[in-house]
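So the structure is just underneath, and the comments pick up after that.
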Amino acid sequence: MAFLELENVCVYFSPINARGRTQCAVKAVDGVSLSIERGEILGLVGESGCGKTTLSRAIMQLQRVTSGRIILAGEELTALSARELRRRRLDFQMIFQDPHSSLNPRFSLFSTLAEALSRRKPLAGRERERAVAGLMRQVGLDPAWMYKYPHEFSGGQRQRTAIARAIAPEPALVLADEPVSALDVSIQSQILNLLNDLRLSMGLTMLFISHDLSVVRYMADRIAVMRRGRIVEYGEAEAVFRRPRHPYTRQLLQAIPRLQDEERSAPPETPASQER
């Protein structure tokens, strides 16, 4: 059994019009089945609005699923009570897209990280300060900044703080929802390298969500391509890039910016027998 398994997961929304009547359901996630092995990075890619974030929130149990099962290390998350889920959530954490809005502006960096660390093990006094300092060093932040507030940091520093908060409870699974899309290009590579280093040093399993295929190719072992709430292609990262099977995947690949115009015009290799 895989470390994380999604079995036919659906998340439907029923919008209400001005007259208070329910309209046709919006199928944000429509029958998604995926698996992630322990220690693997699965890249989930697709255009904005295809359901990637909704799926990640469903895995985190921040969004109730309409149907289907989500199983982590043999335990069905969708069947847990609120109390059991609160205990279990230490093992899976999320890095949100916008580091500014995901951090409490009233909390100093010390307060944010100390609270996250205490969820796994109660700490006090100097021991707590040493633990926060060690966590900051782990993500490339200067411990001298621990009593500063989010507005005093750059976007990259805020995202490092968000990453530190996510790994503080020592989770086995991290969901990274567009973790570099809000950052300058010069900072993106630093954050990606940090995530890769943490994956190796902590043995993390990761779902890495992005609309940027070049970023996903750098990070992921396998790739799932999502379109209109469904997975349309799923396979090893290099195989998806070299021999994409679905027309939508080929469109995404051809949309990647290239330095030479002639490179843009050359589509990925696709045998006629793989057309759908």
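In the structure tokens, each chain is lettered A, B, ... as it comes, each chain's residues begin at 1, and ligands are numbered from 1 in order of appearance.
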For the structure I just gave you, how does DSSP split segment 16-247 of chain A - specifically, which residues are helix (DSSP H, G or I)? Reply as a PDB file with N, CA and C atoms, in the first residue's frame.
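The new file out27.pdb reads:
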ATOM      1  N   LYS A  52      -6.479  22.101  -8.316  1.00  0.00           N
ATOM      2  CA  LYS A  52      -5.289  21.647  -7.583  1.00  0.00           C
ATOM      3  C   LYS A  52      -5.353  22.017  -6.103  1.00  0.00           C
ATOM      4  N   THR A  53      -5.637  23.283  -5.823  1.00  0.00           N
ATOM      5  CA  THR A  53      -5.675  23.735  -4.430  1.00  0.00           C
ATOM      6  C   THR A  53      -6.822  23.086  -3.674  1.00  0.00           C
ATOM      7  N   THR A  54      -7.968  22.936  -4.318  1.00  0.00           N
ATOM      8  CA  THR A  54      -9.107  22.271  -3.668  1.00  0.00           C
ATOM      9  C   THR A  54      -8.740  20.849  -3.276  1.00  0.00           C
ATOM     10  N   LEU A  55      -8.017  20.153  -4.147  1.00  0.00           N
ATOM     11  CA  LEU A  55      -7.593  18.792  -3.837  1.00  0.00           C
ATOM     12  C   LEU A  55      -6.645  18.776  -2.640  1.00  0.00           C
ATOM     13  N   SER A  56      -5.702  19.712  -2.597  1.00  0.00           N
ATOM     14  CA  SER A  56      -4.760  19.752  -1.472  1.00  0.00           C
ATOM     15  C   SER A  56      -5.486  20.062  -0.160  1.00  0.00           C
ATOM     16  N   ARG A  57      -6.465  20.939  -0.210  1.00  0.00           N
ATOM     17  CA  ARG A  57      -7.245  21.259   0.990  1.00  0.00           C
ATOM     18  C   ARG A  57      -8.096  20.070   1.425  1.00  0.00           C
ATOM     19  N   ALA A  58      -8.537  19.271   0.464  1.00  0.00           N
ATOM     20  CA  ALA A  58      -9.288  18.062   0.803  1.00  0.00           C
ATOM     21  C   ALA A  58      -8.386  17.045   1.496  1.00  0.00           C
ATOM     22  N   ILE A  59      -7.153  16.913   1.025  1.00  0.00           N
ATOM     23  CA  ILE A  59      -6.204  15.997   1.672  1.00  0.00           C
ATOM     24  C   ILE A  59      -5.924  16.453   3.102  1.00  0.00           C
ATOM     25  N   LEU A  77      -8.295   9.126   6.540  1.00  0.00           N
ATOM     26  CA  LEU A  77      -8.476  10.443   7.144  1.00  0.00           C
ATOM     27  C   LEU A  77      -9.932  10.891   7.087  1.00  0.00           C
ATOM     28  N   THR A  78     -10.614  10.530   6.023  1.00  0.00           N
ATOM     29  CA  THR A  78     -11.998  10.970   5.839  1.00  0.00           C
ATOM     30  C   THR A  78     -12.956  10.319   6.825  1.00  0.00           C
ATOM     31  N   ALA A  79     -12.499   9.317   7.582  1.00  0.00           N
ATOM     32  CA  ALA A  79     -13.362   8.633   8.542  1.00  0.00           C
ATOM     33  C   ALA A  79     -13.062   9.029   9.990  1.00  0.00           C
ATOM     34  N   ALA A  82     -13.221  14.699  14.644  1.00  0.00           N
ATOM     35  CA  ALA A  82     -12.483  15.962  14.729  1.00  0.00           C
ATOM     36  C   ALA A  82     -11.317  15.853  15.712  1.00  0.00           C
ATOM     37  N   ARG A  83     -11.528  15.164  16.828  1.00  0.00           N
ATOM     38  CA  ARG A  83     -10.470  15.010  17.826  1.00  0.00           C
ATOM     39  C   ARG A  83      -9.343  14.130  17.294  1.00  0.00           C
ATOM     40  N   GLU A  84      -9.694  13.037  16.641  1.00  0.00           N
ATOM     41  CA  GLU A  84      -8.677  12.141  16.076  1.00  0.00           C
ATOM     42  C   GLU A  84      -7.898  12.842  14.960  1.00  0.00           C
ATOM     43  N   LEU A  85      -8.603  13.633  14.169  1.00  0.00           N
ATOM     44  CA  LEU A  85      -7.955  14.342  13.068  1.00  0.00           C
ATOM     45  C   LEU A  85      -6.961  15.368  13.596  1.00  0.00           C
ATOM     46  N   ARG A  86      -7.309  16.055  14.674  1.00  0.00           N
ATOM     47  CA  ARG A  86      -6.411  17.041  15.265  1.00  0.00           C
ATOM     48  C   ARG A  86      -5.110  16.377  15.716  1.00  0.00           C
ATOM     49  N   ARG A  87      -5.206  15.202  16.263  1.00  0.00           N
ATOM     50  CA  ARG A  87      -4.008  14.455  16.669  1.00  0.00           C
ATOM     51  C   ARG A  87      -3.215  13.999  15.447  1.00  0.00           C
ATOM     52  N   ARG A  88      -3.906  13.530  14.437  1.00  0.00           N
ATOM     53  CA  ARG A  88      -3.244  12.959  13.261  1.00  0.00           C
ATOM     54  C   ARG A  88      -2.616  14.026  12.376  1.00  0.00           C
ATOM     55  N   ARG A  89      -3.132  15.251  12.439  1.00  0.00           N
ATOM     56  CA  ARG A  89      -2.684  16.293  11.516  1.00  0.00           C
ATOM     57  C   ARG A  89      -1.226  16.699  11.753  1.00  0.00           C
ATOM     58  N   LEU A  90      -0.670  16.357  12.884  1.00  0.00           N
ATOM     59  CA  LEU A  90       0.752  16.626  13.103  1.00  0.00           C
ATOM     60  C   LEU A  90       1.603  15.937  12.043  1.00  0.00           C
ATOM     61  N   ASP A  91       1.103  14.843  11.474  1.00  0.00           N
ATOM     62  CA  ASP A  91       1.874  14.050  10.521  1.00  0.00           C
ATOM     63  C   ASP A  91       1.761  14.561   9.089  1.00  0.00           C
ATOM     64  N   PRO A  99       2.883  33.543   1.321  1.00  0.00           N
ATOM     65  CA  PRO A  99       3.471  33.534   2.669  1.00  0.00           C
ATOM     66  C   PRO A  99       3.035  34.715   3.518  1.00  0.00           C
ATOM     67  N   HIS A 100       2.593  35.798   2.879  1.00  0.00           N
ATOM     68  CA  HIS A 100       2.171  36.980   3.645  1.00  0.00           C
ATOM     69  C   HIS A 100       0.843  36.712   4.358  1.00  0.00           C
ATOM     70  N   SER A 101      -0.139  36.210   3.640  1.00  0.00           N
ATOM     71  CA  SER A 101      -1.458  35.998   4.242  1.00  0.00           C
ATOM     72  C   SER A 101      -1.511  34.739   5.106  1.00  0.00           C
ATOM     73  N   SER A 102      -0.552  33.824   4.941  1.00  0.00           N
ATOM     74  CA  SER A 102      -0.585  32.587   5.725  1.00  0.00           C
ATOM     75  C   SER A 102       0.047  32.740   7.102  1.00  0.00           C
ATOM     76  N   LEU A 109       8.080  35.976  14.691  1.00  0.00           N
ATOM     77  CA  LEU A 109       8.555  34.709  14.156  1.00  0.00           C
ATOM     78  C   LEU A 109       8.743  33.689  15.290  1.00  0.00           C
ATOM     79  N   PHE A 110       9.231  34.149  16.425  1.00  0.00           N
ATOM     80  CA  PHE A 110       9.411  33.261  17.574  1.00  0.00           C
ATOM     81  C   PHE A 110       8.079  32.644  18.007  1.00  0.00           C
ATOM     82  N   SER A 111       7.042  33.471  18.133  1.00  0.00           N
ATOM     83  CA  SER A 111       5.740  32.967  18.572  1.00  0.00           C
ATOM     84  C   SER A 111       5.175  31.959  17.583  1.00  0.00           C
ATOM     85  N   THR A 112       5.326  32.258  16.283  1.00  0.00           N
ATOM     86  CA  THR A 112       4.812  31.367  15.243  1.00  0.00           C
ATOM     87  C   THR A 112       5.472  29.997  15.312  1.00  0.00           C
ATOM     88  N   LEU A 113       6.799  29.984  15.402  1.00  0.00           N
ATOM     89  CA  LEU A 113       7.524  28.716  15.377  1.00  0.00           C
ATOM     90  C   LEU A 113       7.445  27.981  16.716  1.00  0.00           C
ATOM     91  N   ALA A 114       7.442  28.721  17.815  1.00  0.00           N
ATOM     92  CA  ALA A 114       7.347  28.075  19.125  1.00  0.00           C
ATOM     93  C   ALA A 114       6.011  27.359  19.269  1.00  0.00           C
ATOM     94  N   GLU A 115       4.949  27.966  18.781  1.00  0.00           N
ATOM     95  CA  GLU A 115       3.637  27.330  18.840  1.00  0.00           C
ATOM     96  C   GLU A 115       3.621  26.041  18.022  1.00  0.00           C
ATOM     97  N   ALA A 116       4.223  26.098  16.821  1.00  0.00           N
ATOM     98  CA  ALA A 116       4.265  24.907  15.966  1.00  0.00           C
ATOM     99  C   ALA A 116       5.113  23.801  16.598  1.00  0.00           C
ATOM    100  N   LEU A 117       6.241  24.162  17.193  1.00  0.00           N
ATOM    101  CA  LEU A 117       7.102  23.165  17.837  1.00  0.00           C
ATOM    102  C   LEU A 117       6.414  22.515  19.037  1.00  0.00           C
ATOM    103  N   SER A 118       5.649  23.295  19.778  1.00  0.00           N
ATOM    104  CA  SER A 118       5.011  22.775  20.984  1.00  0.00           C
ATOM    105  C   SER A 118       3.899  21.785  20.682  1.00  0.00           C
ATOM    106  N   GLY A 125      11.038  28.079  28.237  1.00  0.00           N
ATOM    107  CA  GLY A 125      12.257  28.797  28.556  1.00  0.00           C
ATOM    108  C   GLY A 125      13.346  28.713  27.495  1.00  0.00           C
ATOM    109  N   ARG A 126      14.570  28.498  27.956  1.00  0.00           N
ATOM    110  CA  ARG A 126      15.722  28.461  27.059  1.00  0.00           C
ATOM    111  C   ARG A 126      15.638  27.308  26.066  1.00  0.00           C
ATOM    112  N   GLU A 127      15.054  26.198  26.494  1.00  0.00           N
ATOM    113  CA  GLU A 127      14.920  25.049  25.595  1.00  0.00           C
ATOM    114  C   GLU A 127      14.075  25.418  24.369  1.00  0.00           C
ATOM    115  N   ARG A 128      12.997  26.166  24.608  1.00  0.00           N
ATOM    116  CA  ARG A 128      12.145  26.588  23.498  1.00  0.00           C
ATOM    117  C   ARG A 128      12.887  27.557  22.583  1.00  0.00           C
ATOM    118  N   GLU A 129      13.647  28.472  23.160  1.00  0.00           N
ATOM    119  CA  GLU A 129      14.407  29.432  22.359  1.00  0.00           C
ATOM    120  C   GLU A 129      15.470  28.730  21.517  1.00  0.00           C
ATOM    121  N   ARG A 130      16.126  27.730  22.098  1.00  0.00           N
ATOM    122  CA  ARG A 130      17.134  26.979  21.343  1.00  0.00           C
ATOM    123  C   ARG A 130      16.485  26.190  20.204  1.00  0.00           C
ATOM    124  N   ALA A 131      15.309  25.639  20.457  1.00  0.00           N
ATOM    125  CA  ALA A 131      14.617  24.870  19.425  1.00  0.00           C
ATOM    126  C   ALA A 131      14.202  25.770  18.266  1.00  0.00           C
ATOM    127  N   VAL A 132      13.712  26.967  18.575  1.00  0.00           N
ATOM    128  CA  VAL A 132      13.327  27.919  17.527  1.00  0.00           C
ATOM    129  C   VAL A 132      14.558  28.342  16.732  1.00  0.00           C
ATOM    130  N   ALA A 133      15.660  28.615  17.411  1.00  0.00           N
ATOM    131  CA  ALA A 133      16.889  29.014  16.726  1.00  0.00           C
ATOM    132  C   ALA A 133      17.382  27.906  15.791  1.00  0.00           C
ATOM    133  N   GLY A 134      17.334  26.659  16.254  1.00  0.00           N
ATOM    134  CA  GLY A 134      17.755  25.545  15.422  1.00  0.00           C
ATOM    135  C   GLY A 134      16.884  25.371  14.202  1.00  0.00           C
ATOM    136  N   LEU A 135      15.579  25.572  14.377  1.00  0.00           N
ATOM    137  CA  LEU A 135      14.644  25.470  13.253  1.00  0.00           C
ATOM    138  C   LEU A 135      14.892  26.579  12.239  1.00  0.00           C
ATOM    139  N   MET A 136      15.181  27.776  12.717  1.00  0.00           N
ATOM    140  CA  MET A 136      15.475  28.890  11.814  1.00  0.00           C
ATOM    141  C   MET A 136      16.724  28.616  10.989  1.00  0.00           C
ATOM    142  N   ARG A 137      17.757  28.098  11.634  1.00  0.00           N
ATOM    143  CA  ARG A 137      18.982  27.774  10.894  1.00  0.00           C
ATOM    144  C   ARG A 137      18.711  26.704   9.842  1.00  0.00           C
ATOM    145  N   GLN A 138      17.844  25.785  10.158  1.00  0.00           N
ATOM    146  CA  GLN A 138      17.530  24.683   9.244  1.00  0.00           C
ATOM    147  C   GLN A 138      16.943  25.182   7.929  1.00  0.00           C
ATOM    148  N   PRO A 143      18.860  33.361  13.433  1.00  0.00           N
ATOM    149  CA  PRO A 143      18.144  33.348  14.720  1.00  0.00           C
ATOM    150  C   PRO A 143      18.033  34.718  15.381  1.00  0.00           C
ATOM    151  N   ALA A 144      18.887  35.672  14.991  1.00  0.00           N
ATOM    152  CA  ALA A 144      18.806  37.012  15.563  1.00  0.00           C
ATOM    153  C   ALA A 144      17.499  37.708  15.179  1.00  0.00           C
ATOM    154  N   TRP A 145      16.798  37.163  14.167  1.00  0.00           N
ATOM    155  CA  TRP A 145      15.552  37.783  13.703  1.00  0.00           C
ATOM    156  C   TRP A 145      14.312  37.213  14.388  1.00  0.00           C
ATOM    157  N   PRO A 150       6.189  39.414  10.620  1.00  0.00           N
ATOM    158  CA  PRO A 150       6.159  39.096   9.182  1.00  0.00           C
ATOM    159  C   PRO A 150       6.370  40.292   8.263  1.00  0.00           C
ATOM    160  N   HIS A 151       5.834  41.469   8.631  1.00  0.00           N
ATOM    161  CA  HIS A 151       5.952  42.627   7.740  1.00  0.00           C
ATOM    162  C   HIS A 151       7.391  43.139   7.630  1.00  0.00           C
ATOM    163  N   GLU A 152       8.259  42.668   8.526  1.00  0.00           N
ATOM    164  CA  GLU A 152       9.656  43.106   8.504  1.00  0.00           C
ATOM    165  C   GLU A 152      10.533  42.219   7.610  1.00  0.00           C
ATOM    166  N   GLY A 155       9.643  38.581   0.896  1.00  0.00           N
ATOM    167  CA  GLY A 155       8.789  37.467   0.517  1.00  0.00           C
ATOM    168  C   GLY A 155       9.481  36.121   0.698  1.00  0.00           C
ATOM    169  N   GLY A 156      10.759  36.048   0.313  1.00  0.00           N
ATOM    170  CA  GLY A 156      11.499  34.810   0.470  1.00  0.00           C
ATOM    171  C   GLY A 156      11.693  34.427   1.924  1.00  0.00           C
ATOM    172  N   GLN A 157      11.947  35.412   2.773  1.00  0.00           N
ATOM    173  CA  GLN A 157      12.119  35.136   4.198  1.00  0.00           C
ATOM    174  C   GLN A 157      10.797  34.694   4.835  1.00  0.00           C
ATOM    175  N   ARG A 158       9.687  35.297   4.399  1.00  0.00           N
ATOM    176  CA  ARG A 158       8.381  34.876   4.918  1.00  0.00           C
ATOM    177  C   ARG A 158       8.081  33.434   4.499  1.00  0.00           C
ATOM    178  N   GLN A 159       8.448  33.078   3.244  1.00  0.00           N
ATOM    179  CA  GLN A 159       8.180  31.712   2.820  1.00  0.00           C
ATOM    180  C   GLN A 159       9.067  30.719   3.571  1.00  0.00           C
ATOM    181  N   ARG A 160      10.298  31.112   3.890  1.00  0.00           N
ATOM    182  CA  ARG A 160      11.154  30.251   4.714  1.00  0.00           C
ATOM    183  C   ARG A 160      10.525  30.058   6.096  1.00  0.00           C
ATOM    184  N   THR A 161       9.912  31.130   6.618  1.00  0.00           N
ATOM    185  CA  THR A 161       9.215  31.022   7.908  1.00  0.00           C
ATOM    186  C   THR A 161       8.045  30.049   7.804  1.00  0.00           C
ATOM    187  N   ALA A 162       7.285  30.150   6.704  1.00  0.00           N
ATOM    188  CA  ALA A 162       6.146  29.252   6.499  1.00  0.00           C
ATOM    189  C   ALA A 162       6.615  27.797   6.374  1.00  0.00           C
ATOM    190  N   ILE A 163       7.744  27.597   5.711  1.00  0.00           N
ATOM    191  CA  ILE A 163       8.307  26.247   5.589  1.00  0.00           C
ATOM    192  C   ILE A 163       8.744  25.733   6.956  1.00  0.00           C
ATOM    193  N   ALA A 164       9.390  26.609   7.735  1.00  0.00           N
ATOM    194  CA  ALA A 164       9.817  26.219   9.088  1.00  0.00           C
ATOM    195  C   ALA A 164       8.619  25.824   9.942  1.00  0.00           C
ATOM    196  N   ARG A 165       7.539  26.574   9.841  1.00  0.00           N
ATOM    197  CA  ARG A 165       6.330  26.249  10.607  1.00  0.00           C
ATOM    198  C   ARG A 165       5.772  24.895  10.190  1.00  0.00           C
ATOM    199  N   ALA A 166       5.832  24.598   8.880  1.00  0.00           N
ATOM    200  CA  ALA A 166       5.296  23.339   8.378  1.00  0.00           C
ATOM    201  C   ALA A 166       6.106  22.135   8.853  1.00  0.00           C
ATOM    202  N   ILE A 167       7.434  22.274   8.929  1.00  0.00           N
ATOM    203  CA  ILE A 167       8.258  21.127   9.313  1.00  0.00           C
ATOM    204  C   ILE A 167       8.463  21.024  10.818  1.00  0.00           C
ATOM    205  N   VAL A 185      11.910  35.469  -9.289  1.00  0.00           N
ATOM    206  CA  VAL A 185      12.576  34.343  -9.945  1.00  0.00           C
ATOM    207  C   VAL A 185      13.918  34.044  -9.282  1.00  0.00           C
ATOM    208  N   SER A 186      14.635  35.090  -8.871  1.00  0.00           N
ATOM    209  CA  SER A 186      15.949  34.899  -8.256  1.00  0.00           C
ATOM    210  C   SER A 186      15.861  34.150  -6.926  1.00  0.00           C
ATOM    211  N   ILE A 187      14.715  34.223  -6.255  1.00  0.00           N
ATOM    212  CA  ILE A 187      14.534  33.573  -4.957  1.00  0.00           C
ATOM    213  C   ILE A 187      13.950  32.171  -5.116  1.00  0.00           C
ATOM    214  N   GLN A 188      13.239  31.941  -6.218  1.00  0.00           N
ATOM    215  CA  GLN A 188      12.550  30.667  -6.393  1.00  0.00           C
ATOM    216  C   GLN A 188      13.488  29.480  -6.291  1.00  0.00           C
ATOM    217  N   SER A 189      14.654  29.563  -6.966  1.00  0.00           N
ATOM    218  CA  SER A 189      15.577  28.431  -6.966  1.00  0.00           C
ATOM    219  C   SER A 189      16.084  28.133  -5.562  1.00  0.00           C
ATOM    220  N   GLN A 190      16.280  29.175  -4.742  1.00  0.00           N
ATOM    221  CA  GLN A 190      16.742  28.971  -3.368  1.00  0.00           C
ATOM    222  C   GLN A 190      15.707  28.189  -2.551  1.00  0.00           C
ATOM    223  N   ILE A 191      14.429  28.552  -2.718  1.00  0.00           N
ATOM    224  CA  ILE A 191      13.369  27.860  -1.979  1.00  0.00           C
ATOM    225  C   ILE A 191      13.213  26.425  -2.471  1.00  0.00           C
ATOM    226  N   LEU A 192      13.322  26.212  -3.773  1.00  0.00           N
ATOM    227  CA  LEU A 192      13.226  24.855  -4.317  1.00  0.00           C
ATOM    228  C   LEU A 192      14.363  23.982  -3.796  1.00  0.00           C
ATOM    229  N   ASN A 193      15.575  24.538  -3.774  1.00  0.00           N
ATOM    230  CA  ASN A 193      16.709  23.783  -3.244  1.00  0.00           C
ATOM    231  C   ASN A 193      16.537  23.476  -1.757  1.00  0.00           C
ATOM    232  N   LEU A 194      15.962  24.429  -1.028  1.00  0.00           N
ATOM    233  CA  LEU A 194      15.693  24.208   0.394  1.00  0.00           C
ATOM    234  C   LEU A 194      14.713  23.048   0.576  1.00  0.00           C
ATOM    235  N   LEU A 195      13.642  23.028  -0.210  1.00  0.00           N
ATOM    236  CA  LEU A 195      12.657  21.943  -0.106  1.00  0.00           C
ATOM    237  C   LEU A 195      13.279  20.595  -0.440  1.00  0.00           C
ATOM    238  N   ASN A 196      14.142  20.576  -1.442  1.00  0.00           N
ATOM    239  CA  ASN A 196      14.825  19.328  -1.794  1.00  0.00           C
ATOM    240  C   ASN A 196      15.745  18.866  -0.668  1.00  0.00           C
ATOM    241  N   ASP A 197      16.468  19.807  -0.059  1.00  0.00           N
ATOM    242  CA  ASP A 197      17.358  19.460   1.049  1.00  0.00           C
ATOM    243  C   ASP A 197      16.575  18.913   2.242  1.00  0.00           C
ATOM    244  N   LEU A 198      15.437  19.537   2.541  1.00  0.00           N
ATOM    245  CA  LEU A 198      14.598  19.079   3.656  1.00  0.00           C
ATOM    246  C   LEU A 198      14.012  17.708   3.365  1.00  0.00           C
ATOM    247  N   ARG A 199      13.663  17.485   2.129  1.00  0.00           N
ATOM    248  CA  ARG A 199      13.133  16.169   1.744  1.00  0.00           C
ATOM    249  C   ARG A 199      14.147  15.065   2.050  1.00  0.00           C
ATOM    250  N   LEU A 200      15.411  15.327   1.715  1.00  0.00           N
ATOM    251  CA  LEU A 200      16.450  14.326   1.924  1.00  0.00           C
ATOM    252  C   LEU A 200      16.816  14.183   3.399  1.00  0.00           C
ATOM    253  N   SER A 201      16.950  15.314   4.098  1.00  0.00           N
ATOM    254  CA  SER A 201      17.400  15.264   5.496  1.00  0.00           C
ATOM    255  C   SER A 201      16.308  14.757   6.437  1.00  0.00           C
ATOM    256  N   MET A 202      15.028  15.014   6.109  1.00  0.00           N
ATOM    257  CA  MET A 202      13.937  14.621   6.994  1.00  0.00           C
ATOM    258  C   MET A 202      13.152  13.422   6.469  1.00  0.00           C
ATOM    259  N   LEU A 213       5.509  23.941 -15.335  1.00  0.00           N
ATOM    260  CA  LEU A 213       6.026  22.608 -15.593  1.00  0.00           C
ATOM    261  C   LEU A 213       7.534  22.505 -15.430  1.00  0.00           C
ATOM    262  N   SER A 214       8.269  23.584 -15.720  1.00  0.00           N
ATOM    263  CA  SER A 214       9.721  23.533 -15.563  1.00  0.00           C
ATOM    264  C   SER A 214      10.091  23.372 -14.092  1.00  0.00           C
ATOM    265  N   VAL A 215       9.343  24.000 -13.197  1.00  0.00           N
ATOM    266  CA  VAL A 215       9.574  23.848 -11.763  1.00  0.00           C
ATOM    267  C   VAL A 215       9.240  22.430 -11.322  1.00  0.00           C
ATOM    268  N   VAL A 216       8.119  21.907 -11.810  1.00  0.00           N
ATOM    269  CA  VAL A 216       7.693  20.555 -11.444  1.00  0.00           C
ATOM    270  C   VAL A 216       8.708  19.526 -11.931  1.00  0.00           C
ATOM    271  N   ARG A 217       9.237  19.736 -13.124  1.00  0.00           N
ATOM    272  CA  ARG A 217      10.228  18.797 -13.659  1.00  0.00           C
ATOM    273  C   ARG A 217      11.473  18.751 -12.771  1.00  0.00           C
ATOM    274  N   TYR A 218      11.866  19.882 -12.233  1.00  0.00           N
ATOM    275  CA  TYR A 218      13.043  19.958 -11.359  1.00  0.00           C
ATOM    276  C   TYR A 218      12.801  19.234 -10.032  1.00  0.00           C
ATOM    277  N   MET A 219      11.547  19.310  -9.528  1.00  0.00           N
ATOM    278  CA  MET A 219      11.264  18.813  -8.190  1.00  0.00           C
ATOM    279  C   MET A 219      10.760  17.378  -8.144  1.00  0.00           C
ATOM    280  N   ALA A 237       8.188  11.466 -14.185  1.00  0.00           N
ATOM    281  CA  ALA A 237       8.378  12.845 -14.636  1.00  0.00           C
ATOM    282  C   ALA A 237       9.010  12.924 -16.023  1.00  0.00           C
ATOM    283  N   GLU A 238      10.109  12.226 -16.228  1.00  0.00           N
ATOM    284  CA  GLU A 238      10.793  12.303 -17.520  1.00  0.00           C
ATOM    285  C   GLU A 238       9.950  11.709 -18.638  1.00  0.00           C
ATOM    286  N   ALA A 239       9.206  10.665 -18.336  1.00  0.00           N
ATOM    287  CA  ALA A 239       8.352  10.055 -19.357  1.00  0.00           C
ATOM    288  C   ALA A 239       7.249  11.018 -19.791  1.00  0.00           C
ATOM    289  N   VAL A 240       6.682  11.746 -18.824  1.00  0.00           N
ATOM    290  CA  VAL A 240       5.626  12.713 -19.157  1.00  0.00           C
ATOM    291  C   VAL A 240       6.190  13.835 -20.020  1.00  0.00           C
ATOM    292  N   PHE A 241       7.404  14.275 -19.719  1.00  0.00           N
ATOM    293  CA  PHE A 241       7.995  15.369 -20.495  1.00  0.00           C
ATOM    294  C   PHE A 241       8.459  14.911 -21.873  1.00  0.00           C
ATOM    295  N   ARG A 242       8.990  13.723 -21.966  1.00  0.00           N
ATOM    296  CA  ARG A 242       9.539  13.271 -23.246  1.00  0.00           C
ATOM    297  C   ARG A 242       8.469  12.694 -24.176  1.00  0.00           C
ATOM    298  N   PRO A 247      -3.329  15.337 -25.156  1.00  0.00           N
ATOM    299  CA  PRO A 247      -3.176  16.616 -25.865  1.00  0.00           C
ATOM    300  C   PRO A 247      -3.026  17.814 -24.928  1.00  0.00           C
TER     301      PRO A 247
END
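Distance-wise, atom CA of Val65 of chain A and atom CA of Ser33 of chain A end up 13.2 Å apart.
Near Glu178 of chain A, within 6 Å and counting only C-alpha atoms, sit A:Gln97, A:Ile209, A:Ser210, not including residues fewer than 6 positions from it in the same chain.
Take the candidates A:Ser154, A:Val32, A:Lys148, A:Pro244 and check each one against Asp184 of chain A using only C-alpha atoms; the shortest distance goes to A:Ser154.
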Check your understanding: Counting only C-alpha atoms, what is within 12 Å of segment 226-230 of chain A, bar same-chain residues fewer than 2 positions away, as a PyMOL selection string?
Key -> chain A and resi 8-12+26-34+43-55+209-211+223-224+232-234+246-249+251-252
Practice item. Just list the residues in segment 4-237 of chain A DSSP gives strand (DSSP E) on the backbone, as a PyMOL selection string. Key: chain A and resi 4-13+26-36+41-45+67-72+75-76+92-95+173-177+205-210+222-227+230-236
Take the residues from that selection and put them in a file with C-alpha atoms, as a short mmCIF file (atom, residue, chain, number, x, y, z; two decimals), in the first residue's frame.
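The resulting file, selection.cif, is shown below:
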data_model
loop_
_atom_site.label_atom_id
_atom_site.label_comp_id
_atom_site.auth_asym_id
_atom_site.auth_seq_id
_atom_site.Cartn_x
_atom_site.Cartn_y
_atom_site.Cartn_z
CA LEU A 4 -0.82 8.33 0.63
CA GLU A 5 -3.73 7.03 -1.43
CA LEU A 6 -6.64 8.93 -2.92
CA GLU A 7 -9.53 6.78 -4.11
CA ASN A 8 -12.08 8.39 -6.40
CA VAL A 9 -12.06 11.69 -4.44
CA CYS A 10 -14.78 14.18 -5.40
CA VAL A 11 -15.35 17.71 -4.11
CA TYR A 12 -18.51 19.36 -5.43
CA PHE A 13 -19.82 22.84 -4.62
CA VAL A 26 -19.52 22.77 -9.63
CA LYS A 27 -17.23 19.73 -9.82
CA ALA A 28 -13.99 21.21 -8.49
CA VAL A 29 -12.47 17.74 -8.02
CA ASP A 30 -14.11 14.94 -9.95
CA GLY A 31 -13.07 11.36 -9.26
CA VAL A 32 -9.33 11.78 -8.55
CA SER A 33 -7.32 8.66 -7.72
CA LEU A 34 -3.61 9.07 -6.91
CA SER A 35 -0.93 7.43 -4.81
CA ILE A 36 2.35 8.72 -3.38
CA ILE A 41 7.67 13.96 -4.54
CA LEU A 42 4.57 13.90 -6.72
CA GLY A 43 4.12 16.99 -8.87
CA LEU A 44 0.52 18.07 -9.47
CA VAL A 45 0.33 20.45 -12.41
CA SER A 67 -17.22 11.28 -1.84
CA GLY A 68 -14.15 9.07 -2.00
CA ARG A 69 -11.44 8.08 0.47
CA ILE A 70 -8.11 9.61 1.54
CA ILE A 71 -5.79 7.13 3.24
CA LEU A 72 -2.52 8.13 4.91
CA GLU A 75 -5.48 5.22 8.15
CA GLU A 76 -8.51 6.71 6.41
CA PHE A 92 0.81 16.11 7.50
CA GLN A 93 1.34 19.84 7.06
CA MET A 94 0.82 22.41 4.31
CA ILE A 95 2.87 25.23 2.81
CA LEU A 173 3.88 14.42 4.49
CA VAL A 174 4.09 18.02 3.27
CA LEU A 175 1.67 19.56 0.79
CA ALA A 176 3.31 22.48 -1.01
CA ASP A 177 0.71 24.58 -2.84
CA THR A 205 6.99 12.75 1.29
CA MET A 206 5.65 15.68 -0.71
CA LEU A 207 2.81 16.72 -2.97
CA PHE A 208 4.21 19.64 -4.93
CA ILE A 209 1.56 21.75 -6.69
CA SER A 210 2.42 24.19 -9.48
CA ARG A 222 6.27 11.57 -10.83
CA ILE A 223 3.79 14.00 -12.34
CA ALA A 224 -0.01 14.13 -12.39
CA VAL A 225 -1.60 16.53 -14.87
CA MET A 226 -4.97 17.94 -13.79
CA ARG A 227 -7.63 19.47 -16.01
CA ARG A 230 -9.74 15.30 -13.33
CA ILE A 231 -6.32 13.69 -13.71
CA VAL A 232 -5.69 13.38 -17.46
CA GLU A 233 -2.11 12.07 -17.32
CA TYR A 234 -0.03 10.38 -14.65
CA GLY A 235 3.47 8.92 -14.81
CA GLU A 236 7.21 9.24 -14.27
#
